[in-house]
$ cat run_1.txt   # compact mmCIF, C-alpha atoms
# COMPACT_ATOMS: atom_id res chain seq x y z
CA MET J 789 108.15 64.69 79.10
CA PHE J 790 108.07 65.95 75.50
CA ALA J 791 109.64 62.66 74.36
CA GLY J 792 110.91 63.01 70.80
CA PHE J 793 110.54 66.80 70.83
CA THR J 794 113.35 69.16 69.85
CA HIS J 795 114.21 71.89 72.37
CA GLN J 796 116.02 75.02 71.21
CA LYS J 797 116.20 78.81 71.31
CA ILE J 798 115.05 80.47 68.08
CA ALA J 799 115.67 84.13 67.27
CA VAL J 800 112.98 86.20 65.55
CA THR J 801 113.21 89.90 64.73
CA ASN J 802 112.55 91.28 68.22
CA ALA J 803 112.86 88.29 70.56
CA THR J 804 114.63 85.03 71.25
CA LEU J 805 112.08 82.33 71.98
CA ASN J 806 112.40 79.17 74.06
CA VAL J 807 110.74 76.50 71.89
CA ARG J 808 109.92 72.79 71.81
CA TYR J 809 108.49 71.07 68.74
CA GLY J 810 107.75 67.54 67.64
CA GLY J 811 105.27 65.21 66.00
CA ASP J 812 104.18 65.00 62.39
CA GLY J 813 101.24 66.38 60.45
CA PRO J 814 99.53 69.77 60.16
CA PRO J 815 101.22 72.37 62.39
CA VAL J 816 99.68 73.71 65.59
CA LEU J 817 101.21 76.31 67.91
CA LEU J 818 100.32 76.18 71.61
CA LEU J 819 100.53 79.30 73.81
CA HIS J 820 100.54 79.20 77.62
CA GLY J 821 98.99 81.59 80.13
CA HIS J 822 100.09 83.34 83.32
CA PRO J 823 102.17 82.41 85.29
CA ARG J 824 102.99 79.30 83.28
CA THR J 825 105.54 78.48 80.60
CA HIS J 826 105.36 76.15 77.59
CA MET J 827 105.78 73.29 80.08
CA THR J 828 102.07 73.58 80.89
CA TRP J 829 101.48 71.65 77.63
CA SER J 830 103.71 68.69 78.60
CA LYS J 831 100.77 66.27 78.91
CA VAL J 832 98.77 67.63 75.95
CA ALA J 833 101.55 68.08 73.38
CA PRO J 834 102.50 64.37 73.09
CA LEU J 835 98.84 63.46 72.58
CA LEU J 836 98.44 66.05 69.83
CA ALA J 837 101.76 64.97 68.28
CA GLN J 838 100.10 61.72 67.21
CA HIS J 839 98.27 63.77 64.55
CA PHE J 840 100.05 67.12 64.29
CA THR J 841 103.39 68.85 64.33
CA VAL J 842 103.17 70.56 67.71
CA VAL J 843 105.12 73.70 68.61
CA CYS J 844 105.19 75.11 72.15
CA LEU J 845 107.01 78.26 73.17
CA ASP J 846 107.54 80.58 76.10
CA LEU J 847 105.94 83.86 75.05
CA ARG J 848 108.31 86.81 75.07
CA GLY J 849 108.53 88.14 78.61
CA PHE J 850 107.71 84.70 80.08
CA GLY J 851 109.77 81.68 81.03
CA ASP J 852 113.12 81.36 79.32
CA SER J 853 112.31 83.57 76.34
CA SER J 854 113.81 87.06 76.09
CA LYS J 855 112.27 90.01 77.85
CA PRO J 856 111.19 93.10 75.89
CA ALA J 857 112.59 96.52 76.67
CA ASP J 858 110.31 98.73 78.77
CA THR J 859 108.55 101.56 76.96
CA PRO J 860 105.81 103.92 78.19
CA ASP J 861 103.20 102.30 75.90
CA HIS J 862 104.29 98.70 76.77
CA ALA J 863 104.55 97.98 73.03
CA GLY J 864 107.04 95.15 73.49
CA SER J 865 104.47 93.26 75.56
CA ALA J 866 101.49 94.02 73.35
CA LYS J 867 99.77 91.03 71.80
CA ARG J 868 100.43 92.42 68.32
CA ALA J 869 104.18 92.14 68.96
CA LYS J 870 103.82 88.66 70.42
CA ALA J 871 101.65 87.55 67.51
CA GLN J 872 104.37 88.73 65.13
CA ASP J 873 106.84 86.56 67.06
CA CYS J 874 104.54 83.58 66.47
CA ILE J 875 104.29 84.21 62.73
CA GLU J 876 108.06 84.57 62.36
CA LEU J 877 108.76 81.51 64.50
CA MET J 878 106.45 79.27 62.51
CA GLN J 879 107.84 80.58 59.23
CA ALA J 880 111.35 79.78 60.48
CA LEU J 881 110.19 76.23 61.18
CA GLY J 882 108.75 75.96 57.66
CA PHE J 883 105.07 76.60 58.44
CA PRO J 884 103.61 79.66 56.65
CA ARG J 885 100.10 78.47 57.66
CA PHE J 886 99.24 76.88 60.98
CA ALA J 887 96.62 76.43 63.68
CA ILE J 888 97.04 78.27 66.96
CA ALA J 889 95.67 77.61 70.44
CA GLY J 890 96.14 79.79 73.50
CA HIS J 891 95.17 79.54 77.14
CA ASP J 892 94.56 82.49 79.48
CA ARG J 893 97.01 85.28 78.53
CA GLY J 894 98.23 83.19 75.62
CA SER J 895 94.76 83.24 74.12
CA TYR J 896 95.02 87.01 73.64
CA THR J 897 98.12 86.53 71.49
CA ALA J 898 96.41 83.68 69.64
CA TYR J 899 93.37 85.68 68.53
CA ARG J 900 95.53 88.71 67.79
CA ALA J 901 97.48 86.49 65.38
CA ALA J 902 94.20 85.45 63.74
CA LEU J 903 93.06 89.08 63.41
CA ASP J 904 96.38 90.48 62.18
CA HIS J 905 97.48 87.54 60.01
CA PRO J 906 94.36 85.85 58.61
CA GLN J 907 96.34 84.38 55.73
CA ALA J 908 98.52 82.45 58.19
CA ILE J 909 96.03 81.04 60.72
CA THR J 910 93.97 78.01 59.69
CA HIS J 911 92.19 77.38 63.01
CA LEU J 912 92.02 79.29 66.30
CA ALA J 913 91.36 77.88 69.77
CA VAL J 914 90.86 80.24 72.71
CA LEU J 915 90.80 78.67 76.17
CA ASP J 916 89.41 80.42 79.26
CA CYS J 917 89.03 83.88 77.78
CA VAL J 918 86.90 86.51 76.15
CA PRO J 919 88.51 89.47 74.32
CA ILE J 920 90.12 92.01 76.62
CA LEU J 921 87.81 94.78 75.42
CA GLU J 922 84.75 92.65 76.21
CA ALA J 923 86.01 91.91 79.72
CA LEU J 924 86.71 95.57 80.46
CA GLU J 925 83.39 96.79 79.07
CA ARG J 926 81.53 94.23 81.19
CA CYS J 927 83.52 95.03 84.32
CA ASN J 928 81.33 95.14 87.42
CA GLU J 929 81.76 94.55 91.13
CA LYS J 930 81.84 90.78 90.65
CA PHE J 931 84.56 90.98 88.01
CA ALA J 932 86.57 93.41 90.12
CA ARG J 933 86.44 91.07 93.12
CA GLN J 934 87.31 87.91 91.23
CA TRP J 935 89.79 89.42 88.74
CA TYR J 936 91.27 92.13 90.95
CA HIS J 937 94.72 91.05 89.87
CA TRP J 938 94.19 92.66 86.45
CA PHE J 939 94.00 96.08 88.08
CA PHE J 940 96.74 95.43 90.61
CA PHE J 941 99.15 94.07 88.00
CA ALA J 942 98.61 97.18 85.89
CA GLN J 943 100.12 99.37 88.63
CA LYS J 944 103.75 100.46 88.43
CA ALA J 945 106.40 98.57 90.48
CA LYS J 946 104.19 97.64 93.45
CA PRO J 947 103.03 94.26 92.13
CA GLU J 948 106.62 93.17 91.42
CA ARG J 949 107.56 94.01 95.00
CA ALA J 950 104.56 92.15 96.40
CA ILE J 951 105.08 89.00 94.32
CA LEU J 952 108.84 88.77 94.71
CA ALA J 953 108.58 89.14 98.48
CA ASP J 954 107.20 85.57 98.52
CA PRO J 955 106.49 84.12 95.05
CA ASP J 956 105.46 80.71 96.38
CA ALA J 957 102.84 82.23 98.66
CA TRP J 958 101.58 84.53 95.90
CA TYR J 959 101.20 81.75 93.33
CA GLY J 960 100.09 79.08 95.79
CA GLY J 961 103.16 76.88 96.06
CA ARG J 962 103.62 73.69 94.08
CA PRO J 963 100.58 72.76 91.97
CA PRO J 964 99.72 69.09 92.69
CA GLN J 965 99.46 68.20 89.01
CA MET J 966 103.07 69.20 88.23
CA ASN J 967 105.92 66.70 88.15
CA ASP J 968 109.44 67.64 89.24
CA GLU J 969 110.58 68.93 85.84
CA GLU J 970 107.45 70.99 85.26
CA TYR J 971 107.66 72.46 88.73
CA ALA J 972 111.34 73.34 88.36
CA GLY J 973 110.56 75.50 85.32
CA PHE J 974 107.54 77.09 86.98
CA HIS J 975 109.48 77.77 90.20
CA ARG J 976 112.36 79.34 88.29
CA ALA J 977 110.01 81.62 86.39
CA ILE J 978 108.08 82.97 89.37
CA HIS J 979 111.30 83.61 91.33
CA ASP J 980 113.08 85.48 88.52
CA PRO J 981 112.58 89.27 88.79
CA ALA J 982 112.93 89.82 85.04
CA THR J 983 110.31 87.18 84.28
CA VAL J 984 107.88 88.44 86.91
CA HIS J 985 108.23 91.92 85.43
CA GLY J 986 107.74 90.54 81.92
CA MET J 987 104.58 88.71 82.96
CA LEU J 988 103.15 91.85 84.56
CA GLU J 989 103.97 93.94 81.50
CA ASP J 990 101.63 91.62 79.60
CA TYR J 991 98.78 92.91 81.80
CA ARG J 992 99.88 96.54 81.46
CA ALA J 993 99.81 96.19 77.69
CA GLY J 994 96.29 94.79 78.05
CA PHE J 995 95.02 98.07 79.46
CA THR J 996 96.80 100.18 76.84
CA LEU J 997 97.72 99.04 73.33
CA ASP J 998 95.83 95.75 73.38
CA ARG J 999 92.59 97.48 74.30
CA GLU J 1000 93.20 100.15 71.66
CA HIS J 1001 93.90 97.56 68.98
CA GLU J 1002 90.69 95.68 69.78
CA ALA J 1003 88.64 98.86 69.74
CA ALA J 1004 90.10 99.71 66.33
CA ASP J 1005 89.29 96.20 65.06
CA ARG J 1006 85.69 96.51 66.16
CA ALA J 1007 85.29 99.99 64.70
CA ALA J 1008 86.67 98.75 61.37
CA GLY J 1009 84.45 95.66 61.37
CA ARG J 1010 87.48 93.39 61.38
CA ARG J 1011 86.62 89.79 62.33
CA ILE J 1012 88.32 86.45 62.87
CA LEU J 1013 87.85 84.56 59.62
CA CYS J 1014 89.12 81.08 60.49
CA PRO J 1015 87.15 78.40 62.38
CA THR J 1016 87.26 79.21 66.09
CA LEU J 1017 86.97 76.93 69.10
CA CYS J 1018 86.26 78.37 72.55
CA LEU J 1019 86.70 76.11 75.58
CA TRP J 1020 86.39 77.11 79.21
CA SER J 1021 87.07 75.42 82.54
CA GLU J 1022 83.87 74.14 84.11
CA HIS J 1023 85.17 74.81 87.63
CA ASP J 1024 86.50 78.30 86.91
CA ASP J 1025 84.47 81.47 86.56
CA LEU J 1026 84.26 82.38 82.85
CA ALA J 1027 80.70 81.14 82.30
CA ASP J 1028 79.68 82.52 85.70
CA LEU J 1029 80.92 85.96 84.71
CA TYR J 1030 79.68 86.05 81.12
CA GLY J 1031 76.85 83.55 80.74
CA ASP J 1032 76.83 82.64 77.04
CA VAL J 1033 80.55 82.75 76.29
CA LEU J 1034 80.10 81.58 72.70
CA ALA J 1035 77.69 84.45 72.00
CA ILE J 1036 80.46 86.91 72.89
CA TRP J 1037 82.90 85.19 70.53
CA ARG J 1038 80.33 85.18 67.72
CA THR J 1039 80.52 88.98 67.68
CA TRP J 1040 84.25 88.62 66.85
CA ALA J 1041 84.49 85.46 64.74
CA ASN J 1042 82.53 84.11 61.79
CA GLU J 1043 82.50 80.44 62.77
CA VAL J 1044 82.47 79.54 66.48
CA GLN J 1045 81.97 76.32 68.40
CA GLY J 1046 82.95 75.10 71.87
CA GLY J 1047 81.90 74.35 75.41
CA PRO J 1048 83.20 73.53 78.89
CA ILE J 1049 86.01 71.20 79.94
CA ALA J 1050 85.59 69.43 83.30
CA SER J 1051 88.59 71.08 84.93
CA GLY J 1052 89.91 73.90 87.04
CA HIS J 1053 91.59 76.87 85.38
CA HIS J 1054 94.79 75.14 84.24
CA MET J 1055 93.00 72.69 81.96
CA ALA J 1056 96.11 71.50 80.10
CA GLU J 1057 97.50 70.22 83.39
CA GLU J 1058 94.29 69.09 85.06
CA ALA J 1059 92.37 67.56 82.14
CA PRO J 1060 94.93 66.86 79.39
CA GLN J 1061 93.08 63.93 77.81
CA ALA J 1062 89.80 65.83 77.49
CA LEU J 1063 91.53 68.93 76.17
CA ALA J 1064 93.62 66.98 73.65
CA GLN J 1065 90.50 65.18 72.40
CA ALA J 1066 88.60 68.45 71.95
CA LEU J 1067 91.51 70.12 70.14
CA THR J 1068 92.13 67.08 67.94
CA ALA J 1069 88.50 66.85 66.82
CA PHE J 1070 88.46 70.55 66.00
CA LEU J 1071 91.84 70.67 64.25
CA LEU J 1072 91.16 67.64 62.08
CA GLU J 1073 88.32 69.46 60.40
CA LYS J 1074 88.94 70.14 56.72
CA GLU J 1075 91.54 72.86 56.42
CA ARG J 1076 90.26 76.06 54.82
CA PRO J 1077 92.03 77.30 51.67
CA ALA J 1078 94.58 80.08 51.97

$ encode --input "run_1.txt" --output "structure tokens"
Amino acid sequence: MFAGFTHQKIAVTNATLNVRYGGDGPPVLLLHGHPRTHMTWSKVAPLLAQHFTVVCLDLRGFGDSSKPADTPDHAGSAKRAKAQDCIELMQALGFPRFAIAGHDRGSYTAYRAALDHPQAITHLAVLDCVPILEALERCNEKFARQWYHWFFFAQKAKPERAILADPDAWYGGRPPQMNDEEYAGFHRAIHDPATVHGMLEDYRAGFTLDREHEAADRAAGRRILCPTLCLWSEHDDLADLYGDVLAIWRTWANEVQGGPIASGHHMAEEAPQALAQALTAFLLEKERPA
């Protein structure tokens, strides 16, 4: 796993991040979703490292990265704060410009980085997501049934108590696609009260500052300027909920392409070859000037 990659903790202004990086070539930063850690990329990262310098991290609040202090507005878990972590991390590694790809909750940080730091992001890939504001504005009975966890996780204290009473039952036990090392990191994360709280704060920020930031972007006409790839899991529910997913992204980004991956939700674990091929083809496109 991650053969030839360096593993270290790197301090940025407001967080200490658990990071692995390796490979050679144009830089790409990979961001995981909930309830995963950077280990979700263990099958994809080595494939990408044949062409790119690949950086994987645990987002602040997740995995073995530091946990932000609680505040009433959940600012430490807002995607703007996490995007700033990404910019500072990549600068520390010598990459003022880089591509970024995020899955699930990580995708929200990825496109926030592209919106807030257009000079730094060369390419954006968003996997299994539409913008938070779009999801909330389209919320109906079907969304509420299938994504009820968004609303439950936003509540105070109760979701932590429910999850930590039996984390394995809540998250479904050991995923069949995980090897022993991957599972050990996943198991440690979902059993750690501080990490569970940090993961839930990510959702609470979604309903507060993240939504406000996206509304302000839209009102100001701010758009994603870099080439954007949107991929979704064929056997998950994104297309079922939203129909033309790319049409939604074209209201936020100037240049959009994408399509489905034959996979369940955790595509990096379930379909690593297909995902790596799609990302490689996209990222090898001619880099746009700064």

$ residues_around --input "run_1.txt" --residues "range 986-992 of chain J" --least-positions-apart "6" --cutoff "9 Å" --atoms "all atoms listed in the file" --output "PyMOL selection string"
chain J and resi 822-823+848-851+855-856+858+861-862+864-867+893+938-939+941-944+947-948

$ atom_distance --input "run_1.txt" --atom1 "CA of Trp1020 in chain J" --atom2 "CA of Gly1052 in chain J"
9.2 Å

$ atom_distance --input "run_1.txt" --atom1 "CA of Gln965 in chain J" --atom2 "CA of Asp1025 in chain J"
20.2 Å

$ closest_atom_pairs --input "run_1.txt" --of "range 881-968 of chain J" --to "range 805-815 of chain J" --cutoff "7 Å" --atoms "only C-alpha atoms" --output "Markdown table"
| residue | atom | partner | partner_atom | distance |
| --- | --- | --- | --- | --- |
| J:Phe883 | CA | J:Pro815 | CA | 7.0 |
| J:Phe886 | CA | J:Pro815 | CA | 5.1 |
| J:Ala887 | CA | J:Pro815 | CA | 6.3 |

$ closest_residue --input "run_1.txt" --among "J:Leu817, J:Arg885, J:Tyr971, J:Arg999" --to "Phe840 in chain J" --atoms "only C-alpha atoms"
J:Leu817

$ closest_atom_pairs --input "run_1.txt" --of "range 905-988 of chain J" --to "range 1054-1077 of chain J" --cutoff "9 Å" --atoms "all atoms listed in the file" --output "CSV"
residue,atom,partner,partner_atom,distance
J:Thr910,CA,J:Arg1076,CA,6.4
J:His911,CA,J:Leu1071,CA,6.8
J:Leu912,CA,J:Leu1071,CA,8.9
J:Ala913,CA,J:Leu1067,CA,7.8
J:Leu915,CA,J:Met1055,CA,8.6
J:Asp916,CA,J:Met1055,CA,8.9
J:Gln965,CA,J:Glu1057,CA,6.3
J:Met966,CA,J:Glu1057,CA,7.4

$ build_atoms --input "run_1.txt" --residues "range 1044-1069 of chain J" --atoms "N, CA and C atoms" --output "mmCIF file, keeping the file's coordinate frame"
data_model
loop_
_atom_site.group_PDB
_atom_site.id
_atom_site.type_symbol
_atom_site.label_atom_id
_atom_site.label_comp_id
_atom_site.auth_asym_id
_atom_site.auth_seq_id
_atom_site.Cartn_x
_atom_site.Cartn_y
_atom_site.Cartn_z
ATOM 1 N N VAL J 1044 82.098 79.805 65.091
ATOM 2 C CA VAL J 1044 82.470 79.540 66.480
ATOM 3 C C VAL J 1044 81.782 78.274 66.982
ATOM 4 N N GLN J 1045 82.527 77.464 67.698
ATOM 5 C CA GLN J 1045 81.970 76.320 68.400
ATOM 6 C C GLN J 1045 82.707 76.183 69.739
ATOM 7 N N GLY J 1046 82.227 75.309 70.616
ATOM 8 C CA GLY J 1046 82.950 75.100 71.870
ATOM 9 C C GLY J 1046 82.045 74.715 73.006
ATOM 10 N N GLY J 1047 82.625 74.737 74.211
ATOM 11 C CA GLY J 1047 81.900 74.350 75.410
ATOM 12 C C GLY J 1047 82.857 74.162 76.559
ATOM 13 N N PRO J 1048 82.368 73.651 77.685
ATOM 14 C CA PRO J 1048 83.200 73.530 78.890
ATOM 15 C C PRO J 1048 84.050 72.262 78.887
ATOM 16 N N ILE J 1049 85.153 72.341 79.625
ATOM 17 C CA ILE J 1049 86.010 71.200 79.940
ATOM 18 C C ILE J 1049 85.904 70.980 81.451
ATOM 19 N N ALA J 1050 85.717 69.737 81.867
ATOM 20 C CA ALA J 1050 85.590 69.430 83.300
ATOM 21 C C ALA J 1050 86.959 69.565 83.956
ATOM 22 N N SER J 1051 87.250 70.764 84.448
ATOM 23 C CA SER J 1051 88.590 71.080 84.930
ATOM 24 C C SER J 1051 88.553 72.362 85.730
ATOM 25 N N GLY J 1052 89.623 72.581 86.517
ATOM 26 C CA GLY J 1052 89.910 73.900 87.040
ATOM 27 C C GLY J 1052 90.583 74.732 85.971
ATOM 28 N N HIS J 1053 91.095 75.905 86.357
ATOM 29 C CA HIS J 1053 91.590 76.870 85.380
ATOM 30 C C HIS J 1053 92.688 76.324 84.484
ATOM 31 N N HIS J 1054 93.648 75.596 85.037
ATOM 32 C CA HIS J 1054 94.790 75.140 84.240
ATOM 33 C C HIS J 1054 94.450 73.812 83.560
ATOM 34 N N MET J 1055 93.591 73.889 82.553
ATOM 35 C CA MET J 1055 93.000 72.690 81.960
ATOM 36 C C MET J 1055 94.026 71.785 81.293
ATOM 37 N N ALA J 1056 95.099 72.336 80.745
ATOM 38 C CA ALA J 1056 96.110 71.500 80.100
ATOM 39 C C ALA J 1056 96.815 70.595 81.100
ATOM 40 N N GLU J 1057 96.864 71.021 82.346
ATOM 41 C CA GLU J 1057 97.500 70.220 83.390
ATOM 42 C C GLU J 1057 96.499 69.327 84.112
ATOM 43 N N GLU J 1058 95.281 69.796 84.251
ATOM 44 C CA GLU J 1058 94.290 69.090 85.060
ATOM 45 C C GLU J 1058 93.431 68.120 84.257
ATOM 46 N N ALA J 1059 93.221 68.414 82.976
ATOM 47 C CA ALA J 1059 92.370 67.560 82.140
ATOM 48 C C ALA J 1059 92.998 67.399 80.752
ATOM 49 N N PRO J 1060 94.234 66.903 80.680
ATOM 50 C CA PRO J 1060 94.930 66.860 79.390
ATOM 51 C C PRO J 1060 94.260 65.974 78.353
ATOM 52 N N GLN J 1061 93.718 64.821 78.776
ATOM 53 C CA GLN J 1061 93.080 63.930 77.810
ATOM 54 C C GLN J 1061 91.862 64.596 77.183
ATOM 55 N N ALA J 1062 91.014 65.187 77.999
ATOM 56 C CA ALA J 1062 89.800 65.830 77.490
ATOM 57 C C ALA J 1062 90.154 67.002 76.582
ATOM 58 N N LEU J 1063 91.143 67.779 76.980
ATOM 59 C CA LEU J 1063 91.530 68.930 76.170
ATOM 60 C C LEU J 1063 92.124 68.469 74.843
ATOM 61 N N ALA J 1064 93.008 67.476 74.888
ATOM 62 C CA ALA J 1064 93.620 66.980 73.650
ATOM 63 C C ALA J 1064 92.554 66.427 72.712
ATOM 64 N N GLN J 1065 91.565 65.728 73.243
ATOM 65 C CA GLN J 1065 90.500 65.180 72.400
ATOM 66 C C GLN J 1065 89.697 66.299 71.741
ATOM 67 N N ALA J 1066 89.372 67.340 72.506
ATOM 68 C CA ALA J 1066 88.600 68.450 71.950
ATOM 69 C C ALA J 1066 89.392 69.187 70.866
ATOM 70 N N LEU J 1067 90.674 69.434 71.130
ATOM 71 C CA LEU J 1067 91.510 70.120 70.140
ATOM 72 C C LEU J 1067 91.693 69.265 68.892
ATOM 73 N N THR J 1068 91.921 67.966 69.079
ATOM 74 C CA THR J 1068 92.130 67.080 67.940
ATOM 75 C C THR J 1068 90.913 67.052 67.036
ATOM 76 N N ALA J 1069 89.726 66.887 67.619
ATOM 77 C CA ALA J 1069 88.500 66.850 66.820
ATOM 78 C C ALA J 1069 88.324 68.138 66.027
#
